[in-house]
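Heads up: the structure comes next, in structure tokens.
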Protein chains: 2
Amino acid sequence: MISTLELARICGVSQGTVDRALHDRAGVSQATRARVLREAAARDYRPHPAAREILTGSNPVVQAVLPAANNLFFMDLAEQIGQALAGRGLRLQIALVRDRKALIETLEDAAARRQRLSIIIPPEDGIELPAGLVRDLPMVFLLAPCANPSVLFLSPDEERTGGSGVDYLARRGHRRIAFLSSPRLTQAVEARMRGYLKEMKSRNLTPDIFREGDLRSLPDWIAERKATALFCHNDWLAVQAIQALQKRAVRIPDDLSVLGVDASPTLASLFPNLTTLAYPVEALVASILSLLDGKNASLAHASCRIMSRGTVADI
Amino acid sequence: MISTLELARICGVSQGTVDRALHDRAGVSQATRARVLREAAARDYRPHPAAREILTGSNPVVQAVLPAANNLFFMDLAEQIGQALAGRGLRLQIALVRDRKALIETLEDAAARRQRLSIIIPPEDGIELPAGLVRDLPMVFLLAPCANPSVLFLSPDEERTGGSGVDYLARRGHRRIAFLSSPRLTQAVEARMRGYLKEMKSRNLTPDIFREGDLRSLPDWIAERKATALFCHNDWLAVQAIQALQKRAVRIPDDLSVLGVDASPTLASLFPNLTTLAYPVEALVASILSLLDGKNASLAHASCRIMSRGTVADI
DNA sequence: TTGTAGGCGTTATCAC
DNA sequence: GTGATAACGCCTACAA
């Protein structure tokens, strides 16, 4: 692979002239410019991004750090963000990490490379980052916050999401609405549960929360409580629940209405009729773009909106 | 962020001494070394990877390029590869591309950065790459080959996979075995179909291939043919088929046995009892590692092995 | 219009 | 044990 210096020697001109020709800057004769460009193309000259990064001290890369497991919704999110960034000449790189250690390594590397931004869905909760990292790398956490208070956390109003689910089901006549929580207790999980509890209480309904990781006991649990609706923390859990229930001949939505959260496109292509509360992906992407513009961003006023499809019945 | 030069000035020594101290090389007194390391830690010194890359002309990054859509199995693959690479001090970066243009841009960037290897699952079939790119960037294609003949294509024996599926079902008493193909006609898709056809013929069974993208007509199609088994090109299609069939009250596996291919862990966590032919991920990872060691690699002797679970019944 | 010089951060080599 | 120097590839400023 050829450098500007070699190119200059080949063309019998100086490095400065090559640079002017390549960047279409003034100060080169048409003939010389054409000559340089021709040779550059013929020999597949490619500017070395690392050199520019050292020189300018900046790097047009945005990194998405995703947990290695359960990445379906996260991948869809990354896909959306990547598409939005492409319009701005920024490149999205995805890294998969499975624990705190791998996360910090990845972020240290991004900081050393002066990357523009790291968008992090943490693999564990309450991760505390070294102060130097927080100082040197622009970061946003999604879905679960960082333990360091100064690190931005972008999240829609999850308590409202919890309330919206209950509201939607209650308006359709349900009174025995159970909640299927994620066994992992992130901030988002707790907030949705809180919203569920509040809204149930304000309607004088009895809340019931299932939070075991193993869903095999879910059908019995639901039967005991005579629930007519199951509000699930996310689509993934909703689908797992539906599988477990159908195996026990529970009909959805005739016997039980099921509501998820996320509206992940990939999962939706497998289960097109799952009723769900759509995560405000567009608002999230807009926030990230405005962050990149140096403005400050918040998602506090966004929340999940209902996408009514086939798994909730009126009763 | 601080550089070795600044660090040297702070410690009142030369850059060379700082370098020796940081890299634990001989030629520094214990006192000086300790001093340098202390200052480096205190000021969060991070070596700039770009500088090293320019100097050494190499970059410890392996890139996985995945199509933006349908990425569930691909993500699992990337996860496995990343884990294997971590043991070698290599970092896996994932890029999502949705077309030929984005693929080439991503690869040009990787080439310019002197990345170690790009592992590509192409977003379209028969993509032809610029000759300069092929020369300058080590690449492997998975699942569908590159149009340039010199680019390595790592694939298990897909024809054998097609045969194995028929063999497995036939041994369990099935004679009317239909095949659900992917509407997209990649090399792997064709090879599996070929294997299916050959094996059916050698057993004097009548082959039947469904290849529409829309699966709504699948239940009728299967009923017409009185098929007792459906061999699907991959797990994703198998799950879609099961959804479509269950909606029409077809019981799996009582009325119809279903066999997939891939054994993607993420999908398996949703459908733990799907019988499938497991893609030889370990052999693939081993091939990639030996490629990185400069050996040549092939998957031709690997093939998909059956994972017998709940969706195939003996009849 | 063109050439030269210097510097970005790191590392290797040669002196002292 | 330590310092000076040059090199990697690129870009900007200044001189010719």
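Letters for chains follow the order of the structure tokens (A, B, ...), residue numbers begin at 1 for each chain, and ligand numbers begin at 1 in the order shown.
Placed on chain A by a least-squares fit of every C-alpha atom, chain B shows an RMSD of 0.2 Å.
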Distance filter 10 Å, only C-alpha atoms (C1' of nucleotides), chain A against chain D, as a PyMOL selection string: chain A and resi 2-5+15-16+19-20+47-56
Filtering to C-alpha atoms, could you give me those residues as a PDB file, in the first residue's frame?
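Resulting contents of result.pdb:
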```pdb
ATOM      1  CA  ILE A   2       1.358   3.326  -1.116  1.00  0.00           C
ATOM      2  CA  SER A   3       1.924   6.563   0.829  1.00  0.00           C
ATOM      3  CA  THR A   4       1.847  10.174  -0.314  1.00  0.00           C
ATOM      4  CA  LEU A   5       5.620  10.265  -0.136  1.00  0.00           C
ATOM      5  CA  GLN A  15       4.669  15.579  -1.026  1.00  0.00           C
ATOM      6  CA  GLY A  16       3.048  18.984  -0.685  1.00  0.00           C
ATOM      7  CA  ASP A  19      -1.432  16.630  -1.019  1.00  0.00           C
ATOM      8  CA  ARG A  20      -2.815  19.643  -2.878  1.00  0.00           C
ATOM      9  CA  PRO A  47      -5.047   7.771   2.890  1.00  0.00           C
ATOM     10  CA  HIS A  48      -4.154   6.167   6.211  1.00  0.00           C
ATOM     11  CA  PRO A  49      -6.938   7.092   8.657  1.00  0.00           C
ATOM     12  CA  ALA A  50      -4.613   6.636  11.630  1.00  0.00           C
ATOM     13  CA  ALA A  51      -2.317   9.377  10.389  1.00  0.00           C
ATOM     14  CA  ARG A  52      -5.175  11.805  10.059  1.00  0.00           C
ATOM     15  CA  GLU A  53      -6.419  10.840  13.494  1.00  0.00           C
ATOM     16  CA  ILE A  54      -3.061  11.592  15.072  1.00  0.00           C
ATOM     17  CA  LEU A  55      -2.797  14.850  13.277  1.00  0.00           C
ATOM     18  CA  THR A  56      -6.298  16.145  13.908  1.00  0.00           C
TER      19      THR A  56
END
```
With region 265-281 of chain A as the partner and 12 Å as the cut-off, tabulate the residues of region 180-231 of chain A that qualify, each row holding the nearest pair of atoms and their distance in Å to one decimal, using only C-alpha atoms, sorted by chain and rising number, as CSV.
```
residue,atom,partner,partner_atom,distance
A:Arg192,CA,A:Leu277,CA,11.8
A:Ala229,CA,A:Thr275,CA,11.8
A:Leu230,CA,A:Thr275,CA,11.3
A:Phe231,CA,A:Thr276,CA,9.3
```
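In chain A, the set of residues within 7 Å of chain C (atoms considered: only C-alpha atoms (C1' of nucleotides)) is Ser14, Thr17, Gly27, Val28, Ser29, Ile54 and Leu55 of chain A.
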DSSP helix (DSSP H, G or I) residues within region 107-235 of chain B, as a count of residues only: 54
Near-region 257-260 of chain A list (10 Å; only C-alpha atoms (C1' of nucleotides); drop same-chain fewer than 6 positions) as JSON, numbers by chain: {"A": [165, 166, 168, 169, 174, 177, 178, 179, 180, 227, 228, 229, 230, 231, 232, 233, 234, 235, 236, 237, 238, 239, 241, 242, 251, 274, 275, 276, 277, 278, 306, 307, 308, 309, 310, 311, 312, 313, 314, 315]}
Per residue of chain B within 9 Å of chain A, what are the shortest atom pair and its distance in Å to one decimal, counting only C-alpha atoms, with rows by chain and residue number, as a Markdown table?
```
| residue | atom | partner | partner_atom | distance |
| --- | --- | --- | --- | --- |
| B:Met1 | CA | A:Asp136 | CA | 7.1 |
| B:Arg43 | CA | A:Gly132 | CA | 8.0 |
| B:Asp44 | CA | A:Gly132 | CA | 6.0 |
| B:Tyr45 | CA | A:Ala112 | CA | 9.0 |
| B:Arg46 | CA | A:Ala112 | CA | 5.8 |
| B:Pro47 | CA | A:Ala112 | CA | 6.6 |
| B:His48 | CA | A:Ala112 | CA | 5.3 |
| B:Pro49 | CA | A:Arg113 | CA | 6.4 |
| B:Ala50 | CA | A:Ala50 | CA | 4.7 |
| B:Ala51 | CA | A:Ile54 | CA | 6.8 |
| B:Glu53 | CA | A:Ala50 | CA | 7.2 |
| B:Ile54 | CA | A:Ala50 | CA | 6.7 |
| B:Ala68 | CA | A:Glu79 | CA | 6.6 |
| B:Ala69 | CA | A:Thr266 | CA | 7.8 |
| B:Asn70 | CA | A:Thr266 | CA | 6.8 |
| B:Asn71 | CA | A:Met75 | CA | 8.0 |
| B:Leu72 | CA | A:Leu72 | CA | 6.8 |
| B:Met75 | CA | A:Asn71 | CA | 8.0 |
| B:Asp76 | CA | A:Ala68 | CA | 8.6 |
| B:Ala78 | CA | A:Leu96 | CA | 8.8 |
| B:Glu79 | CA | A:Ala68 | CA | 6.6 |
| B:Gly82 | CA | A:Leu96 | CA | 7.9 |
| B:Arg91 | CA | A:Ala95 | CA | 8.7 |
| B:Leu92 | CA | A:Ala95 | CA | 7.0 |
| B:Gln93 | CA | A:Ala95 | CA | 5.6 |
| B:Ile94 | CA | A:Ile94 | CA | 4.8 |
| B:Ala95 | CA | A:Gln93 | CA | 5.6 |
| B:Leu96 | CA | A:Glu79 | CA | 7.0 |
| B:Val97 | CA | A:Glu79 | CA | 9.0 |
| B:Thr106 | CA | A:Arg91 | CA | 8.8 |
| B:Glu108 | CA | A:Arg46 | CA | 8.0 |
| B:Asp109 | CA | A:Pro49 | CA | 7.8 |
| B:Ala111 | CA | A:Arg46 | CA | 8.3 |
| B:Ala112 | CA | A:His48 | CA | 5.3 |
| B:Arg113 | CA | A:His48 | CA | 6.2 |
| B:Arg114 | CA | A:His48 | CA | 8.7 |
| B:Gly132 | CA | A:Asp44 | CA | 6.0 |
| B:Leu133 | CA | A:Asp44 | CA | 8.3 |
| B:Asp136 | CA | A:Met1 | CA | 7.0 |
| B:Trp236 | CA | A:Leu270 | CA | 8.1 |
| B:Val239 | CA | A:Leu270 | CA | 7.5 |
| B:Gln240 | CA | A:Leu270 | CA | 5.9 |
| B:Gln243 | CA | A:Phe271 | CA | 8.0 |
| B:Thr266 | CA | A:Asn70 | CA | 6.8 |
| B:Ser269 | CA | A:Gln240 | CA | 8.6 |
| B:Leu270 | CA | A:Gln240 | CA | 5.9 |
| B:Phe271 | CA | A:Gln243 | CA | 7.9 |
```
CA of Ala170 (chain B) to CA of Met200 (chain B), straight-line distance in Å: 9.1 Å
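One finds CA of Leu137 (chain B) at 24.6 Å from CA of Arg9 (chain A).
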Strand (DSSP E or B) residues, from DSSP on the backbone, in region 43-131 of chain B, as a PyMOL selection string: chain B and resi 59-67+91-97+115-120
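Between CA of Leu152 (chain A) and CA of Ser118 (chain A) the separation is 11.1 Å.
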